[in-house]
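Text of my_file-v1.json (JSON, C-alpha atoms and all ligand atoms) as supplied:
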[["chain", "number", "residue", "atom", "x", "y", "z"],
["F", 1, "MET", "CA", -78.95, 10.23, 46.80],
["F", 2, "ALA", "CA", -79.76, 13.85, 47.28],
["F", 3, "LYS", "CA", -76.23, 14.72, 46.36],
["F", 4, "ARG", "CA", -76.41, 12.64, 43.16],
["F", 5, "LYS", "CA", -79.69, 14.34, 42.11],
["F", 6, "THR", "CA", -78.17, 17.72, 42.69],
["F", 7, "LEU", "CA", -75.18, 16.74, 40.63],
["F", 8, "GLU", "CA", -77.43, 15.46, 37.81],
["F", 9, "LYS", "CA", -79.42, 18.73, 37.93],
["F", 10, "ALA", "CA", -76.24, 20.69, 37.75],
["F", 11, "LYS", "CA", -75.08, 18.54, 34.83],
["F", 12, "ASN", "CA", -78.36, 19.07, 33.01],
["F", 13, "SER", "CA", -78.34, 22.78, 33.64],
["F", 14, "LYS", "CA", -74.82, 22.95, 32.29],
["F", 15, "GLN", "CA", -75.65, 20.88, 29.22],
["F", 16, "LYS", "CA", -78.74, 22.86, 28.25],
["F", 17, "PRO", "CA", -77.08, 26.11, 27.33],
["F", 18, "VAL", "CA", -74.45, 24.13, 25.44],
["F", 19, "SER", "CA", -77.10, 22.33, 23.40],
["F", 20, "LYS", "CA", -78.82, 25.67, 22.74],
["F", 21, "VAL", "CA", -75.59, 27.14, 21.50],
["F", 22, "LYS", "CA", -75.08, 24.03, 19.42],
["F", 23, "SER", "CA", -78.51, 24.29, 17.84],
["F", 24, "LYS", "CA", -77.93, 27.97, 17.14],
["F", 25, "THR", "CA", -74.62, 27.16, 15.51],
["F", 26, "THR", "CA", -76.27, 24.45, 13.47],
["F", 27, "LYS", "CA", -78.92, 26.88, 12.28],
["F", 28, "SER", "CA", -76.40, 29.54, 11.32],
["F", 29, "SER", "CA", -74.10, 27.01, 9.69],
["F", 30, "LYS", "CA", -77.10, 25.63, 7.79],
["F", 31, "LYS", "CA", -77.88, 29.15, 6.66],
["F", 32, "SER", "CA", -74.29, 29.83, 5.60],
["F", 33, "SER", "CA", -73.97, 26.44, 3.94],
["F", 34, "SER", "CA", -77.17, 27.06, 1.98],
["F", 35, "LEU", "CA", -75.70, 30.41, 0.91],
["F", 36, "LYS", "CA", -72.48, 28.66, -0.03],
["F", 37, "ASN", "CA", -74.47, 26.13, -2.03],
["F", 38, "LYS", "CA", -76.29, 28.94, -3.82],
["F", 39, "SER", "CA", -73.03, 30.70, -4.71],
["F", 40, "ALA", "CA", -71.47, 27.36, -5.67],
["F", 41, "LEU", "CA", -74.42, 26.79, -7.98],
["F", 42, "LYS", "CA", -73.99, 30.27, -9.39],
["F", 43, "ASN", "CA", -70.24, 29.67, -9.87],
["F", 44, "SER", "CA", -70.75, 26.33, -11.52],
["F", 45, "SER", "CA", -73.31, 27.82, -13.92],
["F", 46, "LEU", "CA", -70.85, 30.69, -14.60],
["F", 47, "GLU", "CA", -68.09, 28.22, -15.29],
["F", 48, "LYS", "CA", -70.38, 26.33, -17.66],
["F", 49, "SER", "CA", -71.23, 29.52, -19.48],
["F", 50, "GLU", "CA", -67.53, 30.42, -19.76],
["F", 51, "ASN", "CA", -66.67, 27.08, -21.40],
["F", 52, "LYS", "CA", -64.16, 25.97, -18.80],
["F", 53, "VAL", "CA", -61.76, 23.62, -20.55],
["F", 54, "PRO", "CA", -61.04, 20.39, -18.64],
["F", 55, "LEU", "CA", -57.36, 19.60, -18.10],
["F", 56, "LEU", "CA", -55.89, 16.81, -20.16],
["F", 57, "LYS", "CA", -54.29, 13.93, -18.31],
["F", 58, "LEU", "CA", -50.87, 13.95, -19.90],
["F", 59, "ASN", "CA", -48.50, 11.04, -20.30],
["F", 60, "GLU", "CA", -46.09, 11.56, -17.40],
["F", 61, "GLN", "CA", -43.17, 10.04, -19.29],
["F", 62, "ILE", "CA", -43.52, 12.59, -22.07],
["F", 63, "TRP", "CA", -44.67, 15.50, -19.90],
["F", 64, "PRO", "CA", -43.10, 14.86, -16.49],
["F", 65, "ILE", "CA", -44.03, 18.22, -14.98],
["F", 66, "GLU", "CA", -47.77, 18.56, -14.75],
["F", 67, "ARG", "CA", -49.09, 21.95, -13.78],
["F", 68, "ASP", "CA", -52.49, 23.12, -12.67],
["F", 69, "ILE", "CA", -53.56, 25.58, -15.32],
["F", 70, "PHE", "CA", -56.91, 27.29, -15.04],
["F", 71, "PHE", "CA", -58.13, 27.74, -18.58],
["F", 72, "ARG", "CA", -60.73, 30.48, -18.91],
["F", 73, "PRO", "CA", -60.80, 31.28, -22.66],
["F", 74, "ALA", "CA", -63.97, 33.34, -22.38],
["F", 75, "ARG", "CA", -62.12, 35.76, -20.06],
["F", 76, "LEU", "CA", -59.55, 36.69, -22.72],
["F", 77, "LYS", "CA", -61.74, 39.38, -24.23],
["F", 78, "TYR", "CA", -61.56, 41.24, -20.92],
["F", 79, "VAL", "CA", -57.77, 40.85, -20.69],
["F", 80, "ARG", "CA", -56.89, 41.97, -24.20],
["F", 81, "LYS", "CA", -58.19, 45.11, -25.82],
["F", 82, "ILE", "CA", -59.01, 44.57, -29.45],
["F", 83, "LEU", "CA", -56.79, 47.07, -31.17],
["F", 84, "LYS", "CA", -57.92, 48.92, -34.26],
["F", 85, "PRO", "CA", -54.92, 50.93, -35.52],
["F", 86, "SER", "CA", -55.57, 53.38, -38.34],
["F", 87, "GLY", "CA", -52.46, 52.43, -40.34],
["F", 88, "CYS", "CA", -50.01, 49.56, -40.18],
["F", 89, "VAL", "CA", -46.41, 50.20, -39.10],
["F", 90, "PHE", "CA", -45.34, 46.89, -40.64],
["F", 91, "CYS", "CA", -46.78, 47.86, -44.04],
["F", 92, "ASP", "CA", -45.07, 51.27, -43.77],
["F", 93, "SER", "CA", -41.70, 49.59, -43.32],
["F", 94, "ALA", "CA", -42.48, 47.11, -46.13],
["F", 95, "LYS", "CA", -43.00, 49.98, -48.59],
["F", 96, "ASN", "CA", -39.63, 51.60, -47.80],
["F", 97, "GLN", "CA", -35.97, 50.64, -47.76],
["F", 98, "PRO", "CA", -34.67, 49.31, -44.42],
["F", 99, "SER", "CA", -34.17, 52.28, -42.11],
["F", 100, "VAL", "CA", -33.85, 53.11, -38.43],
["F", 101, "ASP", "CA", -37.04, 55.20, -38.82],
["F", 102, "THR", "CA", -39.17, 52.09, -39.33],
["F", 103, "LEU", "CA", -36.74, 49.81, -37.40],
["F", 104, "CYS", "CA", -36.74, 47.47, -40.42],
["F", 105, "VAL", "CA", -33.19, 46.14, -40.69],
["F", 106, "TYR", "CA", -33.50, 43.52, -43.43],
["F", 107, "LYS", "CA", -35.84, 42.66, -46.30],
["F", 108, "THR", "CA", -36.21, 39.72, -48.65],
["F", 109, "GLU", "CA", -38.62, 39.24, -51.56],
["F", 110, "TYR", "CA", -41.45, 38.30, -49.17],
["F", 111, "SER", "CA", -40.30, 39.00, -45.62],
["F", 112, "GLN", "CA", -38.70, 41.54, -43.31],
["F", 113, "ILE", "CA", -36.88, 41.71, -39.99],
["F", 114, "ILE", "CA", -37.87, 44.58, -37.70],
["F", 115, "LEU", "CA", -36.46, 45.47, -34.29],
["F", 116, "ASN", "CA", -39.07, 45.51, -31.54],
["F", 117, "LYS", "CA", -39.56, 49.10, -30.38],
["F", 118, "PHE", "CA", -40.24, 47.89, -26.83],
["F", 119, "PRO", "CA", -37.86, 44.91, -26.47],
["F", 120, "TYR", "CA", -38.36, 42.25, -23.79],
["F", 121, "ASN", "CA", -34.63, 41.66, -23.99],
["F", 122, "THR", "CA", -31.65, 43.02, -25.92],
["F", 123, "GLY", "CA", -31.82, 41.85, -29.54],
["F", 124, "HIS", "CA", -35.60, 41.24, -29.57],
["F", 125, "VAL", "CA", -36.71, 41.29, -33.22],
["F", 126, "LEU", "CA", -39.86, 40.58, -35.25],
["F", 127, "VAL", "CA", -39.90, 38.52, -38.44],
["F", 128, "LEU", "CA", -42.92, 38.99, -40.70],
["F", 129, "PRO", "CA", -44.25, 38.94, -44.25],
["F", 130, "LEU", "CA", -44.13, 42.13, -46.35],
["F", 131, "ASN", "CA", -47.80, 41.69, -47.23],
["F", 132, "HIS", "CA", -50.55, 42.68, -44.80],
["F", 133, "ILE", "CA", -51.68, 39.17, -43.85],
["F", 134, "GLY", "CA", -53.05, 38.21, -40.44],
["F", 135, "GLN", "CA", -53.53, 34.48, -40.93],
["F", 136, "ILE", "CA", -50.63, 32.12, -41.55],
["F", 137, "PHE", "CA", -53.01, 29.97, -43.64],
["F", 138, "ASP", "CA", -53.25, 32.78, -46.20],
["F", 139, "LEU", "CA", -49.52, 32.86, -47.01],
["F", 140, "THR", "CA", -48.47, 31.42, -50.35],
["F", 141, "ASP", "CA", -46.01, 28.51, -50.18],
["F", 142, "ALA", "CA", -43.23, 30.79, -51.40],
["F", 143, "ALA", "CA", -44.03, 33.46, -48.78],
["F", 144, "PHE", "CA", -44.29, 30.81, -46.05],
["F", 145, "MET", "CA", -40.92, 29.26, -46.97],
["F", 146, "ASP", "CA", -39.26, 32.65, -47.20],
["F", 147, "LEU", "CA", -40.71, 33.73, -43.84],
["F", 148, "HIS", "CA", -39.18, 30.73, -42.11],
["F", 149, "GLN", "CA", -35.83, 31.05, -43.86],
["F", 150, "THR", "CA", -35.81, 34.70, -42.73],
["F", 151, "LEU", "CA", -36.72, 33.58, -39.21],
["F", 152, "ARG", "CA", -33.61, 31.36, -39.15],
["F", 153, "LEU", "CA", -31.53, 34.16, -40.67],
["F", 154, "ALA", "CA", -32.64, 36.50, -37.88],
["F", 155, "MET", "CA", -31.68, 33.89, -35.29],
["F", 156, "ASP", "CA", -28.30, 33.49, -37.01],
["F", 157, "ALA", "CA", -27.79, 37.26, -36.75],
["F", 158, "ILE", "CA", -28.75, 37.36, -33.06],
["F", 159, "GLN", "CA", -26.48, 34.39, -32.34],
["F", 160, "ALA", "CA", -23.55, 36.08, -34.07],
["F", 161, "ILE", "CA", -24.12, 39.51, -32.50],
["F", 162, "TYR", "CA", -25.19, 38.65, -28.94],
["F", 163, "ASN", "CA", -24.25, 34.97, -28.46],
["F", 164, "PRO", "CA", -27.34, 34.13, -26.38],
["F", 165, "GLN", "CA", -27.74, 30.80, -24.61],
["F", 166, "GLY", "CA", -31.30, 30.30, -25.87],
["F", 167, "PHE", "CA", -34.23, 31.86, -27.71],
["F", 168, "ASN", "CA", -37.92, 32.33, -27.21],
["F", 169, "THR", "CA", -39.27, 32.24, -30.74],
["F", 170, "GLY", "CA", -43.00, 32.33, -31.32],
["F", 171, "MET", "CA", -46.09, 33.99, -32.68],
["F", 172, "ASN", "CA", -49.27, 35.31, -31.09],
["F", 173, "HIS", "CA", -51.67, 34.37, -33.87],
["F", 174, "GLY", "CA", -54.73, 36.63, -33.65],
["F", 175, "ALA", "CA", -55.86, 39.29, -31.15],
["F", 176, "THR", "CA", -57.28, 36.70, -28.78],
["F", 177, "ALA", "CA", -53.87, 35.02, -28.61],
["F", 178, "GLY", "CA", -52.29, 38.35, -27.65],
["F", 179, "ALA", "CA", -51.09, 39.81, -30.95],
["F", 180, "GLY", "CA", -50.56, 43.59, -30.64],
["F", 181, "ILE", "CA", -51.03, 44.01, -34.42],
["F", 182, "PRO", "CA", -53.25, 41.02, -35.23],
["F", 183, "ASP", "CA", -53.88, 41.87, -38.89],
["F", 184, "HIS", "CA", -50.21, 41.60, -39.85],
["F", 185, "LEU", "CA", -48.76, 38.35, -38.52],
["F", 186, "HIS", "CA", -45.31, 38.44, -36.98],
["F", 187, "TYR", "CA", -42.93, 36.16, -35.14],
["F", 188, "HIS", "CA", -41.12, 37.37, -32.03],
["F", 189, "ILE", "CA", -37.53, 36.28, -31.41],
["F", 190, "VAL", "CA", -36.28, 37.01, -27.90],
["F", 191, "PRO", "CA", -32.69, 35.99, -27.12],
["F", 192, "ARG", "CA", -32.18, 34.53, -23.64],
["F", 193, "TRP", "CA", -29.26, 34.29, -21.25],
["F", 194, "ASN", "CA", -28.97, 32.31, -18.04],
["F", 195, "GLY", "CA", -30.35, 34.40, -15.18],
["F", 196, "ASP", "CA", -31.69, 37.20, -17.40],
["F", 197, "LEU", "CA", -35.13, 36.96, -15.83],
["F", 198, "ASN", "CA", -34.39, 37.84, -12.23],
["F", 199, "PHE", "CA", -36.73, 39.10, -9.54],
["F", 200, "PHE", "CA", -36.58, 42.72, -10.71],
["F", 201, "PRO", "CA", -39.24, 42.51, -13.43],
["F", 202, "LEU", "CA", -41.48, 40.68, -11.00],
["F", 203, "ILE", "CA", -41.38, 43.28, -8.25],
["F", 204, "ALA", "CA", -41.04, 46.45, -10.30],
["F", 205, "GLU", "CA", -42.71, 45.50, -13.59],
["F", 206, "THR", "CA", -39.54, 46.85, -15.15],
["F", 207, "LYS", "CA", -37.18, 45.07, -17.49],
["F", 208, "LEU", "CA", -33.54, 46.06, -17.78],
["F", 209, "VAL", "CA", -32.40, 46.16, -21.40],
["F", 210, "ILE", "CA", -28.69, 46.90, -21.64],
["F", 211, "GLU", "CA", -28.76, 48.46, -25.12],
["F", 212, "THR", "CA", -30.91, 51.15, -26.75],
["F", 213, "VAL", "CA", -32.94, 50.18, -29.83],
["F", 214, "GLU", "CA", -30.78, 52.53, -31.94],
["F", 215, "GLU", "CA", -27.60, 50.76, -30.75],
["F", 216, "SER", "CA", -29.16, 47.39, -31.53],
["F", 217, "TYR", "CA", -30.13, 48.66, -34.98],
["F", 218, "LYS", "CA", -26.48, 49.55, -35.72],
["F", 219, "GLN", "CA", -25.39, 46.07, -34.67],
["F", 220, "PHE", "CA", -27.89, 44.35, -37.01],
["F", 221, "GLU", "CA", -27.20, 46.84, -39.82],
["F", 222, "THR", "CA", -23.46, 46.03, -39.67],
["F", 223, "TYR", "CA", -24.17, 42.28, -39.54],
["F", 224, "PHE", "CA", -26.41, 42.32, -42.65],
["F", 225, "LYS", "CA", -24.02, 44.64, -44.56],
["F", 226, "ASN", "CA", -21.18, 42.17, -43.88],
["F", 227, "LEU", "CA", -23.44, 39.27, -44.88],
["F", 228, "ALA", "CA", -24.34, 40.96, -48.19],
["F", 229, "ALA", "CA", -20.64, 41.67, -48.84],
["F", 230, "SER", "CA", -19.62, 38.05, -48.15],
["F", 231, "ARG", "CA", -22.47, 36.78, -50.38],
["F", 232, "SER", "CA", -21.43, 39.04, -53.27],
["F", 233, "GLN", "CA", -17.83, 37.78, -52.98],
["F", 234, "SER", "CA", -18.78, 34.12, -53.12],
["F", 301, "ZN", "ZN", -49.59, 45.58, -42.43]]
Can you turn what I pasted into structure tokens?
Amino acid sequence: MAKRKTLEKAKNSKQKPVSKVKSKTTKSSKKSSSLKNKSALKNSSLEKSENKVPLLKLNEQIWPIERDIFFRPARLKYVRKILKPSGCVFCDSAKNQPSVDTLCVYKTEYSQIILNKFPYNTGHVLVLPLNHIGQIFDLTDAAFMDLHQTLRLAMDAIQAIYNPQGFNTGMNHGATAGAGIPDHLHYHIVPRWNGDLNFFPLIAETKLVIETVEESYKQFETYFKNLAASRSQS
């Protein structure tokens, strides 16, 4: 009996410190969890104030690859500086004949094709109206039609000169959407080849472009000269 009591005492004495530690842990975890709750509350109120957009549940047959995208539209103003250039390089090229000085390589009645000064890839061009218009809604029907015919013409030229396997063609409409010159709308056309986006731009933030802009300009200039000649013959 005496032995059992001693054992029970020993058990109790061993358990006590454990329970103390436990209670301490509980207190501290309560404290930290209350802090977490406070910051969670703060975060949730932040998210509310930043108009977090809920993800759409897409039809998996139409959109088989669903991705988790964290939409934070209110953050864009911190990402993009709102640019206020004094002049407009696109208007400068619109006023003059196509020239390597403005990088404008082709003009129609309403539109122009300009080489991108800082290409993402060889053959990267911009297609845009001659008039200083920032909103696609403000284009006349004639200017809109001409812009898109010129867009296709530019893609024809790139296809003939560089024979790419694909294109990224698109427009950043407005400063918030990422337009560098938001007041003068412009399409980007970036030719693409299999494997052209390798790891190098990711690790070095550097893109290899195999041709200078001046060399590209000569290529487009020759293409449009030949096109004009073939049109005048027919
Ligand atoms: Zn302009």
**Request:** All residues within 8 Å of ligand ZN 301 (chain F) are required, counting all atoms listed in the file; please report them as a ChimeraX atom specification.
**Result:** /F:87-92,130-133,183-184
**Nearest to Ile161 in chain F by atom-to-atom distance, counting only C-alpha atoms, from F:His148, F:Thr176, F:Ser216, F:Val190** = F:Ser216
**Complete:** One residue among F:Ala179, F:Ile189, F:Ala143, F:Ile158 is nearest to Leu126 in chain F when using all atoms listed in the file, and that residue is F:Ile189
**Item:** Distance of CA of Gln135 in chain F from CA of Leu103 in chain F, expressed in Å to one decimal place
**Value:**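 For CA of Leu103 in chain F relative to CA of Gln135 in chain F, the distance reads 23.0 Å.
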**Message:** Applying 8 Å and all atoms listed in the file, which residues near Glu109 in chain F remain after dropping the ones on its own chain fewer than 2 positions away? List them as an MDAnalysis selection string.
**Reply:** chainID F and resid 107 111 146
**Message:** I'd like to know which of F:Ala160, F:Leu185, F:Lys95, F:His124 is closest to Phe137 in chain F, using only C-alpha atoms.
**Reply:**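 Among the listed residues, F:Leu185 lies closest to Phe137 in chain F.
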**Prompt:** Any idea what the distance is between CA of Asn168 in chain F and CA of Ile210 in chain F?
**Reply:**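 Atom-to-atom, CA of Asn168 in chain F to CA of Ile210 in chain F, that is 18.1 Å.
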